[in-house]
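J.: Below is model_15.txt; it holds compact mmCIF, N, CA and C atoms and all ligand atoms.
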```txt
# COMPACT_ATOMS: atom_id res chain seq x y z
N MET Q 1228 80.02 34.55 -59.02
CA MET Q 1228 78.58 34.76 -58.91
C MET Q 1228 78.18 36.00 -59.68
N GLY Q 1229 77.07 35.90 -60.42
CA GLY Q 1229 76.59 37.03 -61.17
C GLY Q 1229 75.80 37.99 -60.30
N HIS Q 1230 75.22 38.99 -60.96
CA HIS Q 1230 74.43 39.99 -60.24
C HIS Q 1230 73.02 39.43 -60.05
N GLY Q 1231 72.88 38.45 -59.18
CA GLY Q 1231 71.59 37.83 -58.92
C GLY Q 1231 71.53 37.36 -57.49
N LEU Q 1232 70.33 37.00 -57.09
CA LEU Q 1232 70.14 36.64 -55.69
C LEU Q 1232 70.51 35.19 -55.43
N GLY Q 1233 70.07 34.29 -56.28
CA GLY Q 1233 70.33 32.88 -56.07
C GLY Q 1233 69.54 32.37 -54.87
N PRO Q 1234 69.56 31.07 -54.65
CA PRO Q 1234 68.85 30.52 -53.51
C PRO Q 1234 69.56 30.88 -52.22
N PRO Q 1235 68.87 30.77 -51.09
CA PRO Q 1235 69.55 31.03 -49.82
C PRO Q 1235 70.78 30.14 -49.69
N ALA Q 1236 71.88 30.73 -49.21
CA ALA Q 1236 73.10 29.95 -49.01
C ALA Q 1236 72.90 28.93 -47.92
N ARG Q 1237 72.02 29.26 -46.96
CA ARG Q 1237 71.77 28.36 -45.85
C ARG Q 1237 70.40 28.69 -45.28
N MET Q 1238 69.69 27.69 -44.84
CA MET Q 1238 68.42 27.90 -44.16
C MET Q 1238 68.47 27.18 -42.84
N ARG Q 1239 68.24 27.92 -41.76
CA ARG Q 1239 68.22 27.31 -40.42
C ARG Q 1239 66.77 27.34 -39.95
N ILE Q 1240 66.20 26.17 -39.81
CA ILE Q 1240 64.77 26.09 -39.51
C ILE Q 1240 64.53 25.19 -38.31
N ASP Q 1241 63.77 25.70 -37.36
CA ASP Q 1241 63.23 24.84 -36.31
C ASP Q 1241 61.77 25.24 -36.13
N ARG Q 1242 61.13 24.73 -35.09
CA ARG Q 1242 59.69 24.96 -34.95
C ARG Q 1242 59.35 26.42 -34.65
N ALA Q 1243 60.33 27.17 -34.13
CA ALA Q 1243 60.07 28.56 -33.73
C ALA Q 1243 60.54 29.57 -34.76
N SER Q 1244 61.55 29.22 -35.52
CA SER Q 1244 62.10 30.23 -36.42
C SER Q 1244 62.69 29.63 -37.69
N ALA Q 1245 62.68 30.45 -38.70
CA ALA Q 1245 63.33 30.10 -39.97
C ALA Q 1245 64.25 31.27 -40.32
N VAL Q 1246 65.51 30.98 -40.50
CA VAL Q 1246 66.48 32.02 -40.84
C VAL Q 1246 67.03 31.70 -42.22
N LEU Q 1247 66.88 32.64 -43.14
CA LEU Q 1247 67.37 32.46 -44.50
C LEU Q 1247 68.62 33.31 -44.69
N ASP Q 1248 69.74 32.65 -44.89
CA ASP Q 1248 71.00 33.38 -45.12
C ASP Q 1248 71.18 33.59 -46.61
N LEU Q 1249 71.36 34.84 -46.99
CA LEU Q 1249 71.52 35.16 -48.41
C LEU Q 1249 72.88 35.78 -48.66
N ASN Q 1250 73.52 35.37 -49.74
CA ASN Q 1250 74.83 35.97 -50.02
C ASN Q 1250 74.95 36.46 -51.46
N GLY Q 1251 73.83 36.59 -52.15
CA GLY Q 1251 73.87 37.14 -53.51
C GLY Q 1251 73.58 38.63 -53.50
N CYS Q 1252 73.03 39.11 -54.60
CA CYS Q 1252 72.68 40.52 -54.75
C CYS Q 1252 71.17 40.68 -54.56
N LEU Q 1253 70.77 41.49 -53.60
CA LEU Q 1253 69.35 41.80 -53.44
C LEU Q 1253 69.09 43.06 -54.26
N ALA Q 1254 68.45 42.87 -55.40
CA ALA Q 1254 68.21 43.98 -56.31
C ALA Q 1254 66.73 44.03 -56.67
N GLU Q 1255 66.30 45.14 -57.26
CA GLU Q 1255 64.89 45.26 -57.66
C GLU Q 1255 64.51 44.17 -58.64
N THR Q 1256 65.49 43.68 -59.39
CA THR Q 1256 65.21 42.64 -60.37
C THR Q 1256 65.20 41.25 -59.74
N SER Q 1257 65.62 41.13 -58.49
CA SER Q 1257 65.76 39.78 -57.92
C SER Q 1257 64.98 39.55 -56.64
N TYR Q 1258 64.53 40.60 -55.96
CA TYR Q 1258 63.96 40.38 -54.63
C TYR Q 1258 62.69 39.53 -54.65
N LYS Q 1259 61.92 39.58 -55.76
CA LYS Q 1259 60.66 38.82 -55.81
C LYS Q 1259 60.88 37.31 -55.73
N ALA Q 1260 62.06 36.86 -56.11
CA ALA Q 1260 62.37 35.43 -56.02
C ALA Q 1260 62.35 34.95 -54.58
N LEU Q 1261 62.54 35.87 -53.65
CA LEU Q 1261 62.54 35.50 -52.24
C LEU Q 1261 61.15 35.28 -51.67
N LEU Q 1262 60.16 35.93 -52.27
CA LEU Q 1262 58.82 35.93 -51.68
C LEU Q 1262 58.25 34.52 -51.52
N PRO Q 1263 58.30 33.66 -52.54
CA PRO Q 1263 57.78 32.30 -52.32
C PRO Q 1263 58.55 31.52 -51.27
N ILE Q 1264 59.85 31.77 -51.15
CA ILE Q 1264 60.65 31.07 -50.14
C ILE Q 1264 60.24 31.54 -48.74
N ILE Q 1265 60.00 32.84 -48.61
CA ILE Q 1265 59.57 33.38 -47.31
C ILE Q 1265 58.18 32.83 -46.97
N ARG Q 1266 57.28 32.82 -47.97
CA ARG Q 1266 55.92 32.31 -47.71
C ARG Q 1266 55.96 30.83 -47.33
N ARG Q 1267 56.80 30.08 -48.04
CA ARG Q 1267 56.92 28.64 -47.74
C ARG Q 1267 57.45 28.44 -46.32
N SER Q 1268 58.47 29.22 -45.95
CA SER Q 1268 59.03 29.12 -44.60
C SER Q 1268 57.98 29.47 -43.55
N ALA Q 1269 57.18 30.50 -43.85
CA ALA Q 1269 56.16 30.95 -42.89
C ALA Q 1269 55.06 29.92 -42.71
N SER Q 1270 54.92 29.03 -43.67
CA SER Q 1270 53.83 28.06 -43.59
C SER Q 1270 54.24 26.77 -42.88
N LEU Q 1271 55.50 26.67 -42.47
CA LEU Q 1271 55.98 25.42 -41.90
C LEU Q 1271 55.37 25.11 -40.54
N PHE Q 1272 55.37 26.12 -39.65
CA PHE Q 1272 54.86 25.90 -38.30
C PHE Q 1272 54.05 27.12 -37.87
N THR Q 1273 52.99 26.89 -37.13
CA THR Q 1273 52.20 27.99 -36.61
C THR Q 1273 53.07 28.84 -35.69
N GLY Q 1274 53.02 30.15 -35.90
CA GLY Q 1274 53.74 31.08 -35.02
C GLY Q 1274 55.22 31.20 -35.34
N ILE Q 1275 55.66 30.62 -36.44
CA ILE Q 1275 57.08 30.68 -36.77
C ILE Q 1275 57.49 32.13 -37.10
N ALA Q 1276 58.68 32.51 -36.67
CA ALA Q 1276 59.22 33.83 -37.01
C ALA Q 1276 60.25 33.64 -38.13
N VAL Q 1277 60.15 34.46 -39.13
CA VAL Q 1277 61.05 34.33 -40.28
C VAL Q 1277 62.05 35.49 -40.26
N THR Q 1278 63.31 35.15 -40.40
CA THR Q 1278 64.35 36.18 -40.47
C THR Q 1278 65.10 36.04 -41.79
N VAL Q 1279 65.23 37.14 -42.50
CA VAL Q 1279 66.02 37.17 -43.72
C VAL Q 1279 67.36 37.80 -43.35
N ASP Q 1280 68.40 36.98 -43.38
CA ASP Q 1280 69.72 37.46 -42.96
C ASP Q 1280 70.52 37.90 -44.19
N LEU Q 1281 70.68 39.21 -44.29
CA LEU Q 1281 71.39 39.79 -45.44
C LEU Q 1281 72.79 40.26 -45.04
N SER Q 1282 73.25 39.85 -43.85
CA SER Q 1282 74.53 40.38 -43.38
C SER Q 1282 75.69 39.92 -44.25
N GLN Q 1283 75.51 38.80 -45.00
CA GLN Q 1283 76.57 38.33 -45.89
C GLN Q 1283 76.23 38.58 -47.36
N ALA Q 1284 75.20 39.39 -47.60
CA ALA Q 1284 74.82 39.66 -48.99
C ALA Q 1284 75.96 40.36 -49.72
N GLN Q 1285 76.04 40.06 -51.00
CA GLN Q 1285 77.10 40.66 -51.80
C GLN Q 1285 76.80 42.15 -52.02
N HIS Q 1286 75.51 42.46 -52.11
CA HIS Q 1286 75.12 43.81 -52.49
C HIS Q 1286 73.63 43.94 -52.22
N ILE Q 1287 73.21 45.08 -51.71
CA ILE Q 1287 71.80 45.31 -51.39
C ILE Q 1287 71.37 46.65 -51.96
N GLU Q 1288 70.37 46.62 -52.79
CA GLU Q 1288 69.78 47.88 -53.27
C GLU Q 1288 68.74 48.33 -52.24
N VAL Q 1289 68.86 49.56 -51.79
CA VAL Q 1289 67.95 50.06 -50.76
C VAL Q 1289 66.51 49.96 -51.23
N SER Q 1290 66.27 50.28 -52.49
CA SER Q 1290 64.90 50.24 -53.01
C SER Q 1290 64.36 48.81 -53.00
N ALA Q 1291 65.21 47.83 -53.28
CA ALA Q 1291 64.78 46.43 -53.27
C ALA Q 1291 64.46 45.99 -51.85
N LEU Q 1292 65.27 46.43 -50.90
CA LEU Q 1292 65.02 46.08 -49.50
C LEU Q 1292 63.69 46.69 -49.05
N ASP Q 1293 63.45 47.93 -49.43
CA ASP Q 1293 62.18 48.59 -49.09
C ASP Q 1293 61.00 47.80 -49.65
N GLN Q 1294 61.10 47.42 -50.91
CA GLN Q 1294 60.00 46.70 -51.55
C GLN Q 1294 59.81 45.32 -50.95
N LEU Q 1295 60.91 44.67 -50.62
CA LEU Q 1295 60.82 43.35 -49.99
C LEU Q 1295 60.12 43.46 -48.63
N GLN Q 1296 60.51 44.46 -47.85
CA GLN Q 1296 59.91 44.63 -46.52
C GLN Q 1296 58.42 44.93 -46.66
N LEU Q 1297 58.08 45.74 -47.65
CA LEU Q 1297 56.67 46.07 -47.89
C LEU Q 1297 55.89 44.81 -48.29
N SER Q 1298 56.48 44.01 -49.16
CA SER Q 1298 55.81 42.81 -49.66
C SER Q 1298 55.60 41.77 -48.57
N THR Q 1299 56.52 41.71 -47.61
CA THR Q 1299 56.42 40.66 -46.60
C THR Q 1299 55.55 41.08 -45.42
N LYS Q 1300 55.05 42.32 -45.43
CA LYS Q 1300 54.14 42.74 -44.36
C LYS Q 1300 52.83 41.97 -44.43
N SER Q 1301 52.50 41.46 -45.61
CA SER Q 1301 51.23 40.78 -45.77
C SER Q 1301 51.35 39.26 -45.77
N VAL Q 1302 52.52 38.74 -45.38
CA VAL Q 1302 52.68 37.28 -45.35
C VAL Q 1302 51.82 36.69 -44.24
N ARG Q 1303 51.09 35.66 -44.57
CA ARG Q 1303 50.20 35.00 -43.61
C ARG Q 1303 50.49 33.51 -43.59
N THR Q 1304 50.23 32.88 -42.48
CA THR Q 1304 50.28 31.42 -42.41
C THR Q 1304 49.04 30.89 -43.15
N PRO Q 1305 49.01 29.60 -43.45
CA PRO Q 1305 47.85 29.04 -44.16
C PRO Q 1305 46.54 29.28 -43.40
N ASN Q 1306 46.59 29.40 -42.06
CA ASN Q 1306 45.35 29.65 -41.33
C ASN Q 1306 45.09 31.14 -41.11
N GLY Q 1307 45.84 31.98 -41.80
CA GLY Q 1307 45.53 33.41 -41.81
C GLY Q 1307 46.23 34.27 -40.78
N ALA Q 1308 47.08 33.67 -39.96
CA ALA Q 1308 47.78 34.46 -38.94
C ALA Q 1308 48.91 35.26 -39.59
N ALA Q 1309 49.13 36.46 -39.08
CA ALA Q 1309 50.22 37.28 -39.59
C ALA Q 1309 51.56 36.66 -39.21
N VAL Q 1310 52.52 36.79 -40.07
CA VAL Q 1310 53.86 36.27 -39.81
C VAL Q 1310 54.82 37.44 -39.70
N VAL Q 1311 55.60 37.44 -38.64
CA VAL Q 1311 56.59 38.49 -38.49
C VAL Q 1311 57.84 38.11 -39.29
N VAL Q 1312 58.20 38.96 -40.23
CA VAL Q 1312 59.42 38.74 -41.01
C VAL Q 1312 60.39 39.84 -40.61
N SER Q 1313 61.53 39.46 -40.09
CA SER Q 1313 62.52 40.46 -39.70
C SER Q 1313 63.76 40.33 -40.58
N TYR Q 1314 64.58 41.33 -40.52
CA TYR Q 1314 65.73 41.41 -41.42
C TYR Q 1314 67.00 41.70 -40.64
N THR Q 1315 68.06 41.03 -41.01
CA THR Q 1315 69.38 41.36 -40.50
C THR Q 1315 70.15 41.96 -41.67
N VAL Q 1316 70.51 43.22 -41.54
CA VAL Q 1316 71.19 43.88 -42.65
C VAL Q 1316 72.53 44.41 -42.17
N PRO Q 1317 73.51 44.46 -43.05
CA PRO Q 1317 74.81 45.01 -42.65
C PRO Q 1317 74.70 46.50 -42.36
N VAL Q 1318 75.61 47.00 -41.56
CA VAL Q 1318 75.59 48.41 -41.19
C VAL Q 1318 75.72 49.29 -42.44
N ARG Q 1319 76.58 48.86 -43.34
CA ARG Q 1319 76.76 49.62 -44.59
C ARG Q 1319 76.29 48.75 -45.74
N LEU Q 1320 75.48 49.33 -46.61
CA LEU Q 1320 75.03 48.61 -47.79
C LEU Q 1320 76.10 48.77 -48.87
N LEU Q 1321 76.73 47.64 -49.21
CA LEU Q 1321 77.83 47.70 -50.17
C LEU Q 1321 77.31 47.87 -51.59
N SER Q 1322 78.08 48.56 -52.40
CA SER Q 1322 77.73 48.62 -53.81
C SER Q 1322 78.10 47.30 -54.47
N CYS Q 1323 77.58 47.07 -55.65
CA CYS Q 1323 77.73 45.76 -56.26
C CYS Q 1323 79.12 45.55 -56.85
N PRO Q 1324 79.85 44.54 -56.39
CA PRO Q 1324 81.17 44.27 -56.96
C PRO Q 1324 81.07 43.75 -58.39
N VAL Q 1325 79.96 43.11 -58.73
CA VAL Q 1325 79.79 42.59 -60.09
C VAL Q 1325 79.52 43.74 -61.06
N ALA Q 1326 78.55 44.59 -60.71
CA ALA Q 1326 78.24 45.73 -61.57
C ALA Q 1326 79.43 46.67 -61.65
N GLY Q 1327 80.18 46.77 -60.55
CA GLY Q 1327 81.32 47.68 -60.51
C GLY Q 1327 82.51 47.17 -61.31
N SER Q 1328 82.44 45.91 -61.77
CA SER Q 1328 83.58 45.36 -62.48
C SER Q 1328 83.51 45.62 -63.98
N TYR Q 1329 82.41 46.24 -64.41
CA TYR Q 1329 82.32 46.58 -65.83
C TYR Q 1329 83.36 47.64 -66.15
N PRO Q 1330 83.86 47.63 -67.39
CA PRO Q 1330 84.86 48.63 -67.76
C PRO Q 1330 84.30 50.05 -67.58
N VAL Q 1331 85.11 50.91 -67.09
CA VAL Q 1331 84.72 52.30 -66.87
C VAL Q 1331 85.40 53.15 -67.93
N LEU Q 1332 84.63 54.04 -68.53
CA LEU Q 1332 85.22 54.93 -69.53
C LEU Q 1332 85.97 56.05 -68.80
N ALA Q 1333 87.26 55.90 -68.74
CA ALA Q 1333 88.08 56.89 -68.04
C ALA Q 1333 89.31 57.18 -68.89
N GLY Q 1334 89.90 58.28 -68.65
CA GLY Q 1334 91.13 58.66 -69.35
C GLY Q 1334 90.96 58.64 -70.86
N ARG Q 1335 89.87 59.23 -71.31
CA ARG Q 1335 89.57 59.23 -72.75
C ARG Q 1335 90.74 59.83 -73.54
N ALA Q 1336 91.11 59.19 -74.60
CA ALA Q 1336 92.24 59.67 -75.41
C ALA Q 1336 91.85 60.97 -76.10
N SER Q 1337 92.82 61.88 -76.19
CA SER Q 1337 92.51 63.17 -76.84
C SER Q 1337 93.29 63.28 -78.13
ZN ZN Q 1401 74.93 43.05 -57.46
```
Take the structure in the file and write it out as structure tokens.
T.:
Amino acid sequence: MGHGLGPPARMRIDRASAVLDLNGCLAETSYKALLPIIRRSASLFTGIAVTVDLSQAQHIEVSALDQLQLSTKSVRTPNGAAVVVSYTVPVRLLSCPVAGSYPVLAGRAS
């Protein structure tokens, strides 16, 4: 998997809740792709609670998570009701294994 978010690995949806499981990279360059999915989920049933589960994410940029949370504060159902979007995040935000796999300039020859 590259340094991207990709579609949710799994979506668990019933009349009361929608849980989006993500296992890609949540980055400033990728978080906006989630917004239409969250809005679509919020429009399924009146009063639905949406949870973005990032506990299996490959990598989370704190700034992207902040912006995502800010963006989803204004999510509304089609009839204008506010939608609560909550987040499940790992205790430690891991650095990106993909970005970290690039060659590192070390042990420069003298
Ligand atoms: Zn990444």
J.: Ligand ZN 1401 (chain Q): which residues are within 9 Å, counting only C-alpha atoms and all ligand atoms, as a compact mmCIF listing (two decimals) with N, CA and C atoms, keeping the file's coordinate frame?
T.:
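The resulting file, part-v7.txt, is shown below:
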```
# COMPACT_ATOMS: atom_id res chain seq x y z
N GLY Q 1229 77.07 35.90 -60.42
CA GLY Q 1229 76.59 37.03 -61.17
C GLY Q 1229 75.80 37.99 -60.30
N HIS Q 1230 75.22 38.99 -60.96
CA HIS Q 1230 74.43 39.99 -60.24
C HIS Q 1230 73.02 39.43 -60.05
N GLY Q 1231 72.88 38.45 -59.18
CA GLY Q 1231 71.59 37.83 -58.92
C GLY Q 1231 71.53 37.36 -57.49
N LEU Q 1232 70.33 37.00 -57.09
CA LEU Q 1232 70.14 36.64 -55.69
C LEU Q 1232 70.51 35.19 -55.43
N GLY Q 1251 73.83 36.59 -52.15
CA GLY Q 1251 73.87 37.14 -53.51
C GLY Q 1251 73.58 38.63 -53.50
N CYS Q 1252 73.03 39.11 -54.60
CA CYS Q 1252 72.68 40.52 -54.75
C CYS Q 1252 71.17 40.68 -54.56
N LEU Q 1253 70.77 41.49 -53.60
CA LEU Q 1253 69.35 41.80 -53.44
C LEU Q 1253 69.09 43.06 -54.26
N ALA Q 1254 68.45 42.87 -55.40
CA ALA Q 1254 68.21 43.98 -56.31
C ALA Q 1254 66.73 44.03 -56.67
N GLN Q 1285 76.04 40.06 -51.00
CA GLN Q 1285 77.10 40.66 -51.80
C GLN Q 1285 76.80 42.15 -52.02
N HIS Q 1286 75.51 42.46 -52.11
CA HIS Q 1286 75.12 43.81 -52.49
C HIS Q 1286 73.63 43.94 -52.22
N ILE Q 1287 73.21 45.08 -51.71
CA ILE Q 1287 71.80 45.31 -51.39
C ILE Q 1287 71.37 46.65 -51.96
N GLU Q 1288 70.37 46.62 -52.79
CA GLU Q 1288 69.78 47.88 -53.27
C GLU Q 1288 68.74 48.33 -52.24
N SER Q 1322 78.08 48.56 -52.40
CA SER Q 1322 77.73 48.62 -53.81
C SER Q 1322 78.10 47.30 -54.47
N CYS Q 1323 77.58 47.07 -55.65
CA CYS Q 1323 77.73 45.76 -56.26
C CYS Q 1323 79.12 45.55 -56.85
N PRO Q 1324 79.85 44.54 -56.39
CA PRO Q 1324 81.17 44.27 -56.96
C PRO Q 1324 81.07 43.75 -58.39
N VAL Q 1325 79.96 43.11 -58.73
CA VAL Q 1325 79.79 42.59 -60.09
C VAL Q 1325 79.52 43.74 -61.06
N ALA Q 1326 78.55 44.59 -60.71
CA ALA Q 1326 78.24 45.73 -61.57
C ALA Q 1326 79.43 46.67 -61.65
N GLY Q 1327 80.18 46.77 -60.55
CA GLY Q 1327 81.32 47.68 -60.51
C GLY Q 1327 82.51 47.17 -61.31
```
J.: Please determine, counting all atoms listed in the file, which residue among Q:Thr1278, Q:Thr1299, Q:Thr1273, Q:Asn1306 has the shortest atom-to-atom distance to Leu1247 of chain Q.
T.: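 Result for the nearest residue to Leu1247 of chain Q: Q:Thr1278.
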J.: Atom N of Leu1281 of chain Q to atom CA of Lys1259 of chain Q: how many Å, to one decimal?
T.: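 Calculated distance between atom N of Leu1281 of chain Q and atom CA of Lys1259 of chain Q is 15.3 Å.
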J.: From the DSSP assignment of the backbone, select every residue of chain Q that is strand (DSSP E), and format the answer as a ChimeraX atom specification.
T.: /Q:1237-1240,1244-1248,1252-1253,1276-1280,1286-1287,1312-1315
J.: Take the residues just selected and output them with N, CA and C atoms as an mmCIF file, in the frame of the given file.
T.:
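Done, and the output landed in result_23.cif:
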```cif
data_model
loop_
_atom_site.group_PDB
_atom_site.id
_atom_site.type_symbol
_atom_site.label_atom_id
_atom_site.label_comp_id
_atom_site.auth_asym_id
_atom_site.auth_seq_id
_atom_site.Cartn_x
_atom_site.Cartn_y
_atom_site.Cartn_z
ATOM 1 N N ARG Q 1237 72.020 29.260 -46.960
ATOM 2 C CA ARG Q 1237 71.770 28.360 -45.850
ATOM 3 C C ARG Q 1237 70.400 28.690 -45.280
ATOM 4 N N MET Q 1238 69.690 27.690 -44.840
ATOM 5 C CA MET Q 1238 68.420 27.900 -44.160
ATOM 6 C C MET Q 1238 68.470 27.180 -42.840
ATOM 7 N N ARG Q 1239 68.240 27.920 -41.760
ATOM 8 C CA ARG Q 1239 68.220 27.310 -40.420
ATOM 9 C C ARG Q 1239 66.770 27.340 -39.950
ATOM 10 N N ILE Q 1240 66.200 26.170 -39.810
ATOM 11 C CA ILE Q 1240 64.770 26.090 -39.510
ATOM 12 C C ILE Q 1240 64.530 25.190 -38.310
ATOM 13 N N SER Q 1244 61.550 29.220 -35.520
ATOM 14 C CA SER Q 1244 62.100 30.230 -36.420
ATOM 15 C C SER Q 1244 62.690 29.630 -37.690
ATOM 16 N N ALA Q 1245 62.680 30.450 -38.700
ATOM 17 C CA ALA Q 1245 63.330 30.100 -39.970
ATOM 18 C C ALA Q 1245 64.250 31.270 -40.320
ATOM 19 N N VAL Q 1246 65.510 30.980 -40.500
ATOM 20 C CA VAL Q 1246 66.480 32.020 -40.840
ATOM 21 C C VAL Q 1246 67.030 31.700 -42.220
ATOM 22 N N LEU Q 1247 66.880 32.640 -43.140
ATOM 23 C CA LEU Q 1247 67.370 32.460 -44.500
ATOM 24 C C LEU Q 1247 68.620 33.310 -44.690
ATOM 25 N N ASP Q 1248 69.740 32.650 -44.890
ATOM 26 C CA ASP Q 1248 71.000 33.380 -45.120
ATOM 27 C C ASP Q 1248 71.180 33.590 -46.610
ATOM 28 N N CYS Q 1252 73.030 39.110 -54.600
ATOM 29 C CA CYS Q 1252 72.680 40.520 -54.750
ATOM 30 C C CYS Q 1252 71.170 40.680 -54.560
ATOM 31 N N LEU Q 1253 70.770 41.490 -53.600
ATOM 32 C CA LEU Q 1253 69.350 41.800 -53.440
ATOM 33 C C LEU Q 1253 69.090 43.060 -54.260
ATOM 34 N N ALA Q 1276 58.680 32.510 -36.670
ATOM 35 C CA ALA Q 1276 59.220 33.830 -37.010
ATOM 36 C C ALA Q 1276 60.250 33.640 -38.130
ATOM 37 N N VAL Q 1277 60.150 34.460 -39.130
ATOM 38 C CA VAL Q 1277 61.050 34.330 -40.280
ATOM 39 C C VAL Q 1277 62.050 35.490 -40.260
ATOM 40 N N THR Q 1278 63.310 35.150 -40.400
ATOM 41 C CA THR Q 1278 64.350 36.180 -40.470
ATOM 42 C C THR Q 1278 65.100 36.040 -41.790
ATOM 43 N N VAL Q 1279 65.230 37.140 -42.500
ATOM 44 C CA VAL Q 1279 66.020 37.170 -43.720
ATOM 45 C C VAL Q 1279 67.360 37.800 -43.350
ATOM 46 N N ASP Q 1280 68.400 36.980 -43.380
ATOM 47 C CA ASP Q 1280 69.720 37.460 -42.960
ATOM 48 C C ASP Q 1280 70.520 37.900 -44.190
ATOM 49 N N HIS Q 1286 75.510 42.460 -52.110
ATOM 50 C CA HIS Q 1286 75.120 43.810 -52.490
ATOM 51 C C HIS Q 1286 73.630 43.940 -52.220
ATOM 52 N N ILE Q 1287 73.210 45.080 -51.710
ATOM 53 C CA ILE Q 1287 71.800 45.310 -51.390
ATOM 54 C C ILE Q 1287 71.370 46.650 -51.960
ATOM 55 N N VAL Q 1312 58.200 38.960 -40.230
ATOM 56 C CA VAL Q 1312 59.420 38.740 -41.010
ATOM 57 C C VAL Q 1312 60.390 39.840 -40.610
ATOM 58 N N SER Q 1313 61.530 39.460 -40.090
ATOM 59 C CA SER Q 1313 62.520 40.460 -39.700
ATOM 60 C C SER Q 1313 63.760 40.330 -40.580
ATOM 61 N N TYR Q 1314 64.580 41.330 -40.520
ATOM 62 C CA TYR Q 1314 65.730 41.410 -41.420
ATOM 63 C C TYR Q 1314 67.000 41.700 -40.640
ATOM 64 N N THR Q 1315 68.060 41.030 -41.010
ATOM 65 C CA THR Q 1315 69.380 41.360 -40.500
ATOM 66 C C THR Q 1315 70.150 41.960 -41.670
#
```
J.: Which is closer to Met1238 of chain Q than all the others in Q:Arg1266, Q:Asp1280, Q:Tyr1258, Q:Leu1292, using only C-alpha atoms?
T.: Q:Asp1280
J.: Atom N of Ala1269 of chain Q and atom N of Val1310 of chain Q, how far apart in Å?
T.: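 Taking atom N of Val1310 of chain Q as the start and atom N of Ala1269 of chain Q as the end point, the length is 8.7 Å.
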